[in-house]
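First up is the structure itself, then whatever we jot down about it.
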Amino acid sequence: MAKRRIGIITAGGDAPGMNAAVRAVVRTGIFCGFEMVGFKRAFGGLLDGDYINMTARTVSGIINLGGTILRTGRCPELKTEVGRKKALKVLNELNIDSLVIIGGDGSLAAGNALSKEGVKVVNLPATIDNDVAGTEETIGYDTALNTAVDAIDKIRDTAQSHERIFVVEIMGRHHGFLTLAVGLASGAEVIVVPEVKLDMDDLCDKFRYASSSGKKSLIVAYAEGCGNSFDFAKQIEDQTGLEVRVSNLGYIQRGGIPTARERILASIFGAEAIGVLRENKTNVLVGIEEGRIKLTPFDELPKHERKFDVEDYKLLQRLSI
């Protein structure tokens with residue numbers, strides 16, 4: 001009897017810990033008697049039939065690597081019916097009936113679409129933005145958080161030496177989950193996020209008061225989804241007369257050695273994905289809630305939209321006086 005074959009895809013923006021997840025999926029799958037196939041360049045590789053047969057040795061020495069050995073990319077073609085039919089043809093030709101997809105919201109949408117075509121899909125949430133419904137934490141988030149906090153700790157030295165305001169731009173096009181955590185952990189005086197309407201006059205009053213009361217530096221953690229950070233900094237300068245600099249952390253937040261917490265989470269998620277498929281469950285997201293693994297069917301995910309933590313936002317405001 002032929003062995004069951006399972007495909008693996010890393011899609012969307014890369015996130016530290018993706019490799020640890022790939023390693024766990026491959027080795028758990030092999031342990032369970034499956035053949036594992038890795039598609040290169042995300043869904044683009046799937047449509048092109050660009051794949052590798054993965055063994056236990058294929059994933060040796062990758063648990064500590066950032067990025068993804070399978071590489072990643074965007075694939076607008078998969079959003080079309082023609083693209084999905086092409087994907088199904090490749091999967092059928094390779095005798096693959098199941099996919100483990102590691103990525104963010106876009107990957108989840110793609111997995112959902114393929115599941116409706118009859119493919120057995122399990123999604124593992126991986127994005128530094130930590131904005132996927134159905135889980136309290138995503139693969140990549142903890143490492144990005146630590147990277148950004150380390151950067152702000154260094155920026156604070158210069159901010160204090162020159163008695164300046166620094167606007168530090170944090171990744172997060174649609175949500176401020178990462179920015180809020182970075183702000184709390186780094187002791188930022190202000191965070192600017194899409195979820196909270198900003199009163200520029202009140203903010204500038206706060207900066208003037210802080211400067212007059214002897215505060216030597218001010219850090220603003222600024223989510224990229226709030227607009228141009230340089231325009232924001234210029235507006236502060238114009239209204240307060242204070243010196244403002246901008247530091248955009250950019251893609252350094254996506255790279256780097258995954259933290260121990262990241263590797264553990266990715267390993268648990270990866271092993272769980274194979275357990276789900278082994279039990280013939282399908283079309284679910286593997287997440288974590290209150291320290292326990294949680295499986296959420298794709299159709300129920302809209303009910304589990306992540307909410308911005310207003311209480312943590314208020315805590316930051318209290319601590320930044």
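Ordering of the structure tokens sets the chain letters (A, B, ...), residue numbers begin anew at 1 in every chain, and ligands are numbered from 1 in the order given.
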
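The protein and nucleic acid residues lying at most 10 Å from Asn146 of chain A are Tyr141, Asp142, Thr143, Val149, Asp150, Ala151, Ile152, Ala181, Val182, Ala185, Ser186, Gln253, Pro258 and Thr259 of chain A, with only C-alpha atoms considered and sequence neighbours fewer than 3 positions away removed.
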
_If you run DSSP on the backbone here, which positions in segment 8-59 of chain A get helix (DSSP H, G or I)? Please write them as number ranges by chain._
A: 18-31, 42-48

Would you output that residue set with C-alpha atoms, as a PDB file, in the first residue's frame?
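Dumped everything to result-v1.pdb:
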```pdb
ATOM      1  CA  MET A  18       8.959  28.929  10.131  1.00  0.00           C
ATOM      2  CA  ASN A  19      11.906  26.564   9.744  1.00  0.00           C
ATOM      3  CA  ALA A  20      11.305  25.101  13.188  1.00  0.00           C
ATOM      4  CA  ALA A  21       7.707  24.451  12.156  1.00  0.00           C
ATOM      5  CA  VAL A  22       8.781  22.831   8.867  1.00  0.00           C
ATOM      6  CA  ARG A  23      11.204  20.601  10.793  1.00  0.00           C
ATOM      7  CA  ALA A  24       8.477  19.493  13.213  1.00  0.00           C
ATOM      8  CA  VAL A  25       5.972  18.797  10.436  1.00  0.00           C
ATOM      9  CA  VAL A  26       8.477  16.755   8.413  1.00  0.00           C
ATOM     10  CA  ARG A  27       9.874  14.690  11.252  1.00  0.00           C
ATOM     11  CA  THR A  28       6.505  14.040  12.887  1.00  0.00           C
ATOM     12  CA  GLY A  29       5.097  13.071   9.506  1.00  0.00           C
ATOM     13  CA  ILE A  30       7.929  10.636   8.858  1.00  0.00           C
ATOM     14  CA  PHE A  31       7.522   9.196  12.349  1.00  0.00           C
ATOM     15  CA  ALA A  42       4.934  29.069  -1.573  1.00  0.00           C
ATOM     16  CA  PHE A  43       1.908  28.679  -3.825  1.00  0.00           C
ATOM     17  CA  GLY A  44       3.913  29.739  -6.865  1.00  0.00           C
ATOM     18  CA  GLY A  45       5.956  26.567  -6.443  1.00  0.00           C
ATOM     19  CA  LEU A  46       2.780  24.537  -6.047  1.00  0.00           C
ATOM     20  CA  LEU A  47       1.384  25.829  -9.346  1.00  0.00           C
ATOM     21  CA  ASP A  48       4.727  25.203 -11.082  1.00  0.00           C
TER      22      ASP A  48
END
```

Segment 150-186 of chain A residues near segment 192-216 of chain A within 6 Å, closest pair each, using only C-alpha atoms, as JSON lines:
```
{"residue": "A:Gln160", "atom": "CA", "partner": "A:Lys216", "partner_atom": "CA", "distance": 5.3}
{"residue": "A:Glu163", "atom": "CA", "partner": "A:Lys216", "partner_atom": "CA", "distance": 4.9}
{"residue": "A:Gly176", "atom": "CA", "partner": "A:Val193", "partner_atom": "CA", "distance": 4.9}
```

| Within 8 Å of segment 94-98 of chain A, counting only C-alpha atoms, which residues qualify if same-chain residues fewer than 2 places away don't, as a list in words? |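 Once the nearby chain positions are removed, what remains is Arg4, Arg5, Ile6, Gly7, Val90, Leu91, Asn92, Val100, Val119, Lys120, Val121 and Leu277 of chain A.
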
_Atomic separation - atom CA of Phe308 of chain A relative to atom CA of Asn228 of chain A, Å_ =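 Interatomic distance here is 21.9 Å.
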
At a cut-off of 12 Å, using only C-alpha atoms, what residues contact Phe232 of chain A? Leave out same-chain residues fewer than 3 positions from it and give the result as a short mmCIF file (atom, residue, chain, number, x, y, z; two decimals) with all heavy atoms, in the first residue's frame.
```cif
data_model
loop_
_atom_site.label_atom_id
_atom_site.label_comp_id
_atom_site.auth_asym_id
_atom_site.auth_seq_id
_atom_site.Cartn_x
_atom_site.Cartn_y
_atom_site.Cartn_z
N ILE A 165 13.19 63.41 20.75
CA ILE A 165 12.07 62.48 20.55
C ILE A 165 12.45 61.56 19.39
O ILE A 165 12.92 62.03 18.36
CB ILE A 165 10.77 63.23 20.22
CG1 ILE A 165 10.37 64.16 21.37
CG2 ILE A 165 9.65 62.25 19.89
CD1 ILE A 165 9.22 65.10 21.02
N PHE A 166 12.24 60.27 19.58
CA PHE A 166 12.44 59.33 18.48
C PHE A 166 11.13 58.63 18.15
O PHE A 166 10.48 58.07 19.04
CB PHE A 166 13.50 58.27 18.84
CG PHE A 166 14.87 58.58 18.32
CD1 PHE A 166 15.70 59.44 19.02
CD2 PHE A 166 15.32 58.03 17.13
CE1 PHE A 166 16.97 59.74 18.55
CE2 PHE A 166 16.58 58.33 16.65
CZ PHE A 166 17.42 59.18 17.35
N VAL A 167 10.75 58.69 16.89
CA VAL A 167 9.61 57.93 16.39
C VAL A 167 10.17 56.66 15.76
O VAL A 167 10.94 56.71 14.80
CB VAL A 167 8.82 58.73 15.33
CG1 VAL A 167 7.70 57.87 14.74
CG2 VAL A 167 8.26 60.01 15.94
N VAL A 168 9.83 55.52 16.35
CA VAL A 168 10.34 54.24 15.87
C VAL A 168 9.20 53.49 15.19
O VAL A 168 8.21 53.13 15.83
CB VAL A 168 10.92 53.40 17.03
CG1 VAL A 168 11.51 52.09 16.48
CG2 VAL A 168 11.97 54.19 17.79
N GLU A 169 9.36 53.28 13.89
CA GLU A 169 8.29 52.63 13.12
C GLU A 169 8.38 51.12 13.24
O GLU A 169 9.42 50.51 12.97
CB GLU A 169 8.35 53.05 11.65
CG GLU A 169 7.19 52.51 10.84
CD GLU A 169 7.15 53.04 9.43
OE1 GLU A 169 7.39 54.25 9.23
OE2 GLU A 169 6.87 52.23 8.51
N VAL A 192 1.42 54.63 18.77
CA VAL A 192 0.44 55.07 17.78
C VAL A 192 0.04 53.85 16.97
O VAL A 192 0.88 53.22 16.33
CB VAL A 192 1.03 56.17 16.87
CG1 VAL A 192 -0.02 56.64 15.87
CG2 VAL A 192 1.53 57.35 17.70
N LEU A 198 -5.88 59.09 17.31
CA LEU A 198 -4.87 59.94 17.91
C LEU A 198 -5.32 61.40 17.94
O LEU A 198 -5.80 61.93 16.94
CB LEU A 198 -3.56 59.82 17.11
CG LEU A 198 -2.37 60.60 17.61
CD1 LEU A 198 -1.89 60.04 18.95
CD2 LEU A 198 -1.24 60.57 16.60
N MET A 200 -3.68 64.74 18.11
CA MET A 200 -2.34 65.30 17.94
C MET A 200 -2.07 66.46 18.89
O MET A 200 -0.95 66.61 19.40
CB MET A 200 -2.17 65.77 16.49
CG MET A 200 -0.73 65.87 16.04
SD MET A 200 0.06 64.24 15.99
CE MET A 200 1.72 64.71 15.48
N LEU A 203 -1.28 65.01 22.26
CA LEU A 203 0.03 64.36 22.20
C LEU A 203 1.15 65.39 22.30
O LEU A 203 2.10 65.21 23.08
CB LEU A 203 0.16 63.57 20.90
CG LEU A 203 1.47 62.83 20.71
CD1 LEU A 203 1.64 61.73 21.75
CD2 LEU A 203 1.54 62.22 19.30
N CYS A 204 1.02 66.47 21.57
CA CYS A 204 2.07 67.50 21.59
C CYS A 204 2.12 68.20 22.95
O CYS A 204 3.21 68.58 23.42
CB CYS A 204 1.84 68.49 20.46
SG CYS A 204 2.20 67.80 18.82
N VAL A 220 8.42 57.08 20.72
CA VAL A 220 7.10 56.81 20.17
C VAL A 220 7.19 55.53 19.35
O VAL A 220 7.93 55.47 18.37
CB VAL A 220 6.61 57.96 19.27
CG1 VAL A 220 5.22 57.64 18.71
CG2 VAL A 220 6.61 59.28 20.01
N ALA A 221 6.47 54.49 19.75
CA ALA A 221 6.38 53.27 18.95
C ALA A 221 5.22 53.46 17.99
O ALA A 221 4.07 53.60 18.40
CB ALA A 221 6.14 52.06 19.85
N TYR A 222 5.53 53.47 16.70
CA TYR A 222 4.59 53.91 15.67
C TYR A 222 4.31 52.76 14.70
O TYR A 222 5.22 52.28 14.01
CB TYR A 222 5.20 55.10 14.92
CG TYR A 222 4.32 55.79 13.93
CD1 TYR A 222 3.50 56.84 14.31
CD2 TYR A 222 4.31 55.41 12.58
CE1 TYR A 222 2.69 57.50 13.39
CE2 TYR A 222 3.51 56.05 11.66
CZ TYR A 222 2.70 57.09 12.07
OH TYR A 222 1.90 57.74 11.16
N ALA A 223 3.07 52.30 14.64
CA ALA A 223 2.70 51.22 13.73
C ALA A 223 2.67 51.73 12.30
O ALA A 223 2.11 52.79 12.01
CB ALA A 223 1.34 50.65 14.12
N GLU A 224 3.26 50.97 11.39
CA GLU A 224 3.38 51.41 10.00
C GLU A 224 2.03 51.69 9.35
O GLU A 224 1.93 52.49 8.42
CB GLU A 224 4.15 50.39 9.17
CG GLU A 224 3.45 49.07 8.98
CD GLU A 224 4.14 48.17 7.97
OE1 GLU A 224 4.58 48.66 6.92
OE2 GLU A 224 4.24 46.96 8.24
N CYS A 226 -0.28 53.39 10.34
CA CYS A 226 -0.84 54.71 10.70
C CYS A 226 -0.41 55.82 9.76
O CYS A 226 -0.70 56.99 10.01
CB CYS A 226 -0.43 55.05 12.14
SG CYS A 226 -1.22 53.98 13.36
N GLY A 227 0.30 55.48 8.70
CA GLY A 227 0.70 56.50 7.74
C GLY A 227 2.20 56.75 7.74
O GLY A 227 2.97 56.00 8.33
N ASN A 228 2.59 57.82 7.07
CA ASN A 228 4.01 58.14 6.90
C ASN A 228 4.60 58.63 8.22
O ASN A 228 4.19 59.68 8.75
CB ASN A 228 4.16 59.20 5.81
CG ASN A 228 5.61 59.43 5.44
OD1 ASN A 228 6.42 59.82 6.27
ND2 ASN A 228 5.94 59.19 4.18
N SER A 229 5.57 57.91 8.75
CA SER A 229 6.15 58.26 10.05
C SER A 229 6.97 59.55 9.99
O SER A 229 7.07 60.28 10.98
CB SER A 229 7.02 57.12 10.57
OG SER A 229 7.98 56.73 9.62
N GLN A 235 5.21 66.89 11.89
CA GLN A 235 4.08 67.58 12.54
C GLN A 235 4.38 67.83 14.01
O GLN A 235 4.06 68.90 14.55
CB GLN A 235 2.81 66.74 12.38
CG GLN A 235 1.54 67.49 12.78
CD GLN A 235 0.29 66.70 12.48
OE1 GLN A 235 0.33 65.65 11.83
NE2 GLN A 235 -0.86 67.19 12.94
N ILE A 236 5.00 66.88 14.68
CA ILE A 236 5.38 67.07 16.09
C ILE A 236 6.38 68.21 16.21
O ILE A 236 6.26 69.07 17.09
CB ILE A 236 5.98 65.78 16.67
CG1 ILE A 236 4.93 64.67 16.72
CG2 ILE A 236 6.53 66.03 18.08
CD1 ILE A 236 5.50 63.31 17.09
N GLU A 237 7.38 68.21 15.35
CA GLU A 237 8.39 69.28 15.38
C GLU A 237 7.74 70.65 15.18
O GLU A 237 8.05 71.62 15.88
CB GLU A 237 9.45 69.05 14.30
CG GLU A 237 10.51 68.05 14.68
CD GLU A 237 11.72 68.11 13.75
OE1 GLU A 237 11.54 68.50 12.58
OE2 GLU A 237 12.83 67.76 14.19
N ASP A 238 6.85 70.74 14.20
CA ASP A 238 6.20 72.02 13.89
C ASP A 238 5.35 72.52 15.04
O ASP A 238 5.28 73.73 15.30
CB ASP A 238 5.34 71.88 12.63
CG ASP A 238 6.16 71.68 11.36
OD1 ASP A 238 7.39 71.94 11.41
OD2 ASP A 238 5.59 71.26 10.34
N GLN A 239 4.69 71.60 15.76
CA GLN A 239 3.78 72.01 16.83
C GLN A 239 4.48 72.22 18.17
O GLN A 239 3.96 72.97 19.01
CB GLN A 239 2.66 70.97 17.01
CG GLN A 239 1.64 70.98 15.89
CD GLN A 239 0.42 70.12 16.18
OE1 GLN A 239 -0.04 69.37 15.34
NE2 GLN A 239 -0.12 70.24 17.37
N VAL A 244 12.93 65.98 16.59
CA VAL A 244 12.36 64.64 16.41
C VAL A 244 13.14 63.91 15.31
O VAL A 244 13.46 64.48 14.28
CB VAL A 244 10.87 64.71 16.01
CG1 VAL A 244 10.27 63.30 15.95
CG2 VAL A 244 10.08 65.58 16.98
N ARG A 245 13.43 62.64 15.58
CA ARG A 245 14.08 61.79 14.58
C ARG A 245 13.23 60.55 14.36
O ARG A 245 12.46 60.14 15.24
CB ARG A 245 15.48 61.38 15.04
CG ARG A 245 16.46 62.53 15.16
CD ARG A 245 16.82 63.09 13.78
NE ARG A 245 17.83 64.15 13.87
CZ ARG A 245 17.56 65.43 14.02
NH1 ARG A 245 16.28 65.83 14.09
NH2 ARG A 245 18.52 66.33 14.08
N VAL A 246 13.39 59.94 13.20
CA VAL A 246 12.63 58.74 12.84
C VAL A 246 13.60 57.59 12.61
O VAL A 246 14.64 57.75 11.97
CB VAL A 246 11.79 58.96 11.57
CG1 VAL A 246 11.09 57.65 11.15
CG2 VAL A 246 10.77 60.06 11.78
#
```

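Closest to Pro125 of chain A among A:Lys294, A:Lys234, A:Arg318, A:Arg173 is A:Lys294, based on only C-alpha atoms.
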
I want to know what sits within 12 Å of Asn112 of chain A, based on only C-alpha atoms, with residues of the same chain fewer than 3 positions away left out; could you give that as a PyMOL selection string?
chain A and resi 78-79+84+99-101+105-109+115-123+282-285+297-301

Residues of the last selection are to be written out with C-alpha atoms, as a PDB file, in the first residue's frame.
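File written: result35.pdb
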```
ATOM      1  CA  LEU A  78      -4.173  31.183  -6.679  1.00  0.00           C
ATOM      2  CA  LYS A  79      -6.988  33.642  -5.981  1.00  0.00           C
ATOM      3  CA  ARG A  84      -6.935  26.719  -7.932  1.00  0.00           C
ATOM      4  CA  LEU A  99      -1.374  20.362   2.827  1.00  0.00           C
ATOM      5  CA  VAL A 100       0.173  21.960   5.903  1.00  0.00           C
ATOM      6  CA  ILE A 101       0.283  25.694   5.183  1.00  0.00           C
ATOM      7  CA  ASP A 105      -4.061  35.695   6.982  1.00  0.00           C
ATOM      8  CA  GLY A 106      -3.403  35.455   3.249  1.00  0.00           C
ATOM      9  CA  SER A 107      -2.202  31.885   3.639  1.00  0.00           C
ATOM     10  CA  LEU A 108      -5.266  31.105   5.712  1.00  0.00           C
ATOM     11  CA  ALA A 109      -7.531  32.440   2.967  1.00  0.00           C
ATOM     12  CA  SER A 115     -10.179  23.120   1.280  1.00  0.00           C
ATOM     13  CA  LYS A 116     -13.407  23.970  -0.518  1.00  0.00           C
ATOM     14  CA  GLU A 117     -11.943  22.213  -3.570  1.00  0.00           C
ATOM     15  CA  GLY A 118     -11.505  19.020  -1.570  1.00  0.00           C
ATOM     16  CA  VAL A 119      -7.906  19.361  -0.338  1.00  0.00           C
ATOM     17  CA  LYS A 120      -7.329  18.458   3.316  1.00  0.00           C
ATOM     18  CA  VAL A 121      -5.697  21.533   4.840  1.00  0.00           C
ATOM     19  CA  VAL A 122      -4.198  22.448   8.205  1.00  0.00           C
ATOM     20  CA  ASN A 123      -2.960  26.021   8.711  1.00  0.00           C
ATOM     21  CA  THR A 282      -9.061  18.809   8.317  1.00  0.00           C
ATOM     22  CA  ASN A 283      -9.687  22.438   7.405  1.00  0.00           C
ATOM     23  CA  VAL A 284      -8.576  23.815  10.767  1.00  0.00           C
ATOM     24  CA  LEU A 285      -6.164  26.358  12.160  1.00  0.00           C
ATOM     25  CA  PRO A 297     -12.361  25.182  11.915  1.00  0.00           C
ATOM     26  CA  PHE A 298     -11.917  27.635   9.052  1.00  0.00           C
ATOM     27  CA  ASP A 299     -15.630  28.448   8.965  1.00  0.00           C
ATOM     28  CA  GLU A 300     -15.572  29.525  12.623  1.00  0.00           C
ATOM     29  CA  LEU A 301     -12.573  31.836  12.412  1.00  0.00           C
TER      30      LEU A 301
END
```

When DSSP is applied to the backbone of this structure, which of segment 111-181 of chain A are assigned strand (DSSP E)? Write them out as a PDB file with N, CA, C and O atoms, in the first residue's frame.
```pdb
ATOM      1  N   LYS A 120      -7.370  18.445   1.854  1.00  0.00           N
ATOM      2  CA  LYS A 120      -7.329  18.458   3.316  1.00  0.00           C
ATOM      3  C   LYS A 120      -6.239  19.437   3.740  1.00  0.00           C
ATOM      4  O   LYS A 120      -5.077  19.267   3.387  1.00  0.00           O
ATOM      5  N   VAL A 121      -6.621  20.447   4.511  1.00  0.00           N
ATOM      6  CA  VAL A 121      -5.697  21.533   4.840  1.00  0.00           C
ATOM      7  C   VAL A 121      -5.628  21.755   6.344  1.00  0.00           C
ATOM      8  O   VAL A 121      -6.648  21.747   7.030  1.00  0.00           O
ATOM      9  N   VAL A 122      -4.406  21.962   6.837  1.00  0.00           N
ATOM     10  CA  VAL A 122      -4.198  22.448   8.205  1.00  0.00           C
ATOM     11  C   VAL A 122      -3.313  23.682   8.103  1.00  0.00           C
ATOM     12  O   VAL A 122      -2.261  23.655   7.444  1.00  0.00           O
ATOM     13  N   ASN A 123      -3.734  24.784   8.719  1.00  0.00           N
ATOM     14  CA  ASN A 123      -2.960  26.021   8.711  1.00  0.00           C
ATOM     15  C   ASN A 123      -2.240  26.219  10.039  1.00  0.00           C
ATOM     16  O   ASN A 123      -2.827  26.018  11.109  1.00  0.00           O
ATOM     17  N   LEU A 124      -0.990  26.624   9.962  1.00  0.00           N
ATOM     18  CA  LEU A 124      -0.235  27.032  11.139  1.00  0.00           C
ATOM     19  C   LEU A 124      -0.011  28.536  11.046  1.00  0.00           C
ATOM     20  O   LEU A 124       0.541  29.029  10.055  1.00  0.00           O
ATOM     21  N   PRO A 125      -0.433  29.313  12.057  1.00  0.00           N
ATOM     22  CA  PRO A 125      -0.324  30.772  11.983  1.00  0.00           C
ATOM     23  C   PRO A 125       1.117  31.241  12.163  1.00  0.00           C
ATOM     24  O   PRO A 125       1.746  30.973  13.185  1.00  0.00           O
ATOM     25  N   ILE A 165      13.186  63.406  20.746  1.00  0.00           N
ATOM     26  CA  ILE A 165      12.073  62.478  20.553  1.00  0.00           C
ATOM     27  C   ILE A 165      12.445  61.563  19.390  1.00  0.00           C
ATOM     28  O   ILE A 165      12.920  62.031  18.359  1.00  0.00           O
ATOM     29  N   PHE A 166      12.244  60.271  19.576  1.00  0.00           N
ATOM     30  CA  PHE A 166      12.444  59.325  18.483  1.00  0.00           C
ATOM     31  C   PHE A 166      11.131  58.629  18.152  1.00  0.00           C
ATOM     32  O   PHE A 166      10.483  58.069  19.039  1.00  0.00           O
ATOM     33  N   VAL A 167      10.750  58.686  16.888  1.00  0.00           N
ATOM     34  CA  VAL A 167       9.614  57.933  16.387  1.00  0.00           C
ATOM     35  C   VAL A 167      10.174  56.658  15.761  1.00  0.00           C
ATOM     36  O   VAL A 167      10.938  56.709  14.798  1.00  0.00           O
ATOM     37  N   VAL A 168       9.827  55.522  16.345  1.00  0.00           N
ATOM     38  CA  VAL A 168      10.337  54.237  15.870  1.00  0.00           C
ATOM     39  C   VAL A 168       9.198  53.488  15.189  1.00  0.00           C
ATOM     40  O   VAL A 168       8.208  53.127  15.825  1.00  0.00           O
ATOM     41  N   GLU A 169       9.355  53.280  13.890  1.00  0.00           N
ATOM     42  CA  GLU A 169       8.287  52.634  13.124  1.00  0.00           C
ATOM     43  C   GLU A 169       8.382  51.117  13.243  1.00  0.00           C
ATOM     44  O   GLU A 169       9.420  50.512  12.970  1.00  0.00           O
ATOM     45  N   ILE A 170       7.256  50.511  13.630  1.00  0.00           N
ATOM     46  CA  ILE A 170       7.145  49.070  13.840  1.00  0.00           C
ATOM     47  C   ILE A 170       6.250  48.484  12.752  1.00  0.00           C
ATOM     48  O   ILE A 170       5.264  49.094  12.339  1.00  0.00           O
TER      49      ILE A 170
END
```

As a check of understanding: the span from atom CA of Arg292 of chain A to atom CA of Gly183 of chain A is 26.5 Å

message: Just checking: using only C-alpha atoms, which residue out of A:Gly134, A:Glu77, A:Gly255, A:Thr179 ends up closest to Thr296 of chain A?
response: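 Closest candidate: A:Gly134.
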
Shortest interatomic distance to Asp309 of chain A - which of A:Tyr51, A:Phe230, A:Tyr251, A:Phe177, counting only C-alpha atoms:
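Closest to Asp309 of chain A of all the choices is A:Phe177.
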
Neighbour list for Leu315 of chain A as a PDB file with N, CA and C atoms, in the first residue's frame, cut-off 12 Å, only C-alpha atoms, skip fewer than 4 positions in-chain:
```pdb
ATOM      1  N   LEU A 180       1.962  47.548  20.291  1.00  0.00           N
ATOM      2  CA  LEU A 180       1.573  47.666  21.700  1.00  0.00           C
ATOM      3  C   LEU A 180       2.536  46.889  22.589  1.00  0.00           C
ATOM      4  N   ALA A 181       2.849  45.655  22.205  1.00  0.00           N
ATOM      5  CA  ALA A 181       3.756  44.838  23.010  1.00  0.00           C
ATOM      6  C   ALA A 181       5.161  45.440  23.044  1.00  0.00           C
ATOM      7  N   GLY A 183       5.893  48.598  22.695  1.00  0.00           N
ATOM      8  CA  GLY A 183       5.827  49.794  23.519  1.00  0.00           C
ATOM      9  C   GLY A 183       5.878  49.494  25.002  1.00  0.00           C
ATOM     10  N   LEU A 184       5.123  48.493  25.413  1.00  0.00           N
ATOM     11  CA  LEU A 184       5.117  48.106  26.831  1.00  0.00           C
ATOM     12  C   LEU A 184       6.485  47.600  27.278  1.00  0.00           C
ATOM     13  N   ALA A 185       7.090  46.730  26.470  1.00  0.00           N
ATOM     14  CA  ALA A 185       8.349  46.090  26.858  1.00  0.00           C
ATOM     15  C   ALA A 185       9.532  47.048  26.822  1.00  0.00           C
ATOM     16  N   GLY A 187       9.273  50.392  27.330  1.00  0.00           N
ATOM     17  CA  GLY A 187       9.031  51.593  28.113  1.00  0.00           C
ATOM     18  C   GLY A 187       8.771  52.829  27.266  1.00  0.00           C
ATOM     19  N   ALA A 188       8.230  52.616  26.076  1.00  0.00           N
ATOM     20  CA  ALA A 188       7.917  53.758  25.205  1.00  0.00           C
ATOM     21  C   ALA A 188       6.908  54.680  25.883  1.00  0.00           C
ATOM     22  N   GLU A 189       7.071  55.964  25.636  1.00  0.00           N
ATOM     23  CA  GLU A 189       6.156  56.942  26.242  1.00  0.00           C
ATOM     24  C   GLU A 189       4.815  56.985  25.520  1.00  0.00           C
ATOM     25  N   VAL A 190       4.836  56.666  24.228  1.00  0.00           N
ATOM     26  CA  VAL A 190       3.625  56.763  23.409  1.00  0.00           C
ATOM     27  C   VAL A 190       3.625  55.617  22.399  1.00  0.00           C
ATOM     28  N   ILE A 191       2.453  55.057  22.123  1.00  0.00           N
ATOM     29  CA  ILE A 191       2.311  54.203  20.953  1.00  0.00           C
ATOM     30  C   ILE A 191       1.230  54.797  20.064  1.00  0.00           C
ATOM     31  N   ASP A 309      -6.071  44.988  22.810  1.00  0.00           N
ATOM     32  CA  ASP A 309      -6.173  45.010  24.271  1.00  0.00           C
ATOM     33  C   ASP A 309      -6.122  46.457  24.781  1.00  0.00           C
ATOM     34  N   VAL A 310      -7.289  47.016  24.988  1.00  0.00           N
ATOM     35  CA  VAL A 310      -7.395  48.415  25.435  1.00  0.00           C
ATOM     36  C   VAL A 310      -6.797  48.586  26.833  1.00  0.00           C
ATOM     37  N   GLU A 311      -6.923  47.586  27.685  1.00  0.00           N
ATOM     38  CA  GLU A 311      -6.390  47.682  29.049  1.00  0.00           C
ATOM     39  C   GLU A 311      -4.865  47.782  29.036  1.00  0.00           C
ATOM     40  N   LEU A 319       2.069  54.132  32.762  1.00  0.00           N
ATOM     41  CA  LEU A 319       3.480  53.899  33.080  1.00  0.00           C
ATOM     42  C   LEU A 319       4.413  54.906  32.410  1.00  0.00           C
ATOM     43  N   SER A 320       3.892  55.687  31.479  1.00  0.00           N
ATOM     44  CA  SER A 320       4.774  56.555  30.691  1.00  0.00           C
ATOM     45  C   SER A 320       4.862  57.974  31.215  1.00  0.00           C
ATOM     46  N   ILE A 321       4.347  58.225  32.422  1.00  0.00           N
ATOM     47  CA  ILE A 321       4.351  59.587  32.952  1.00  0.00           C
ATOM     48  C   ILE A 321       5.779  60.047  33.270  1.00  0.00           C
TER      49      ILE A 321
END
```

Correct to one decimal, the distance atom CA of Glu290 of chain A-atom CA of Thr135 of chain A is 9.5 Å
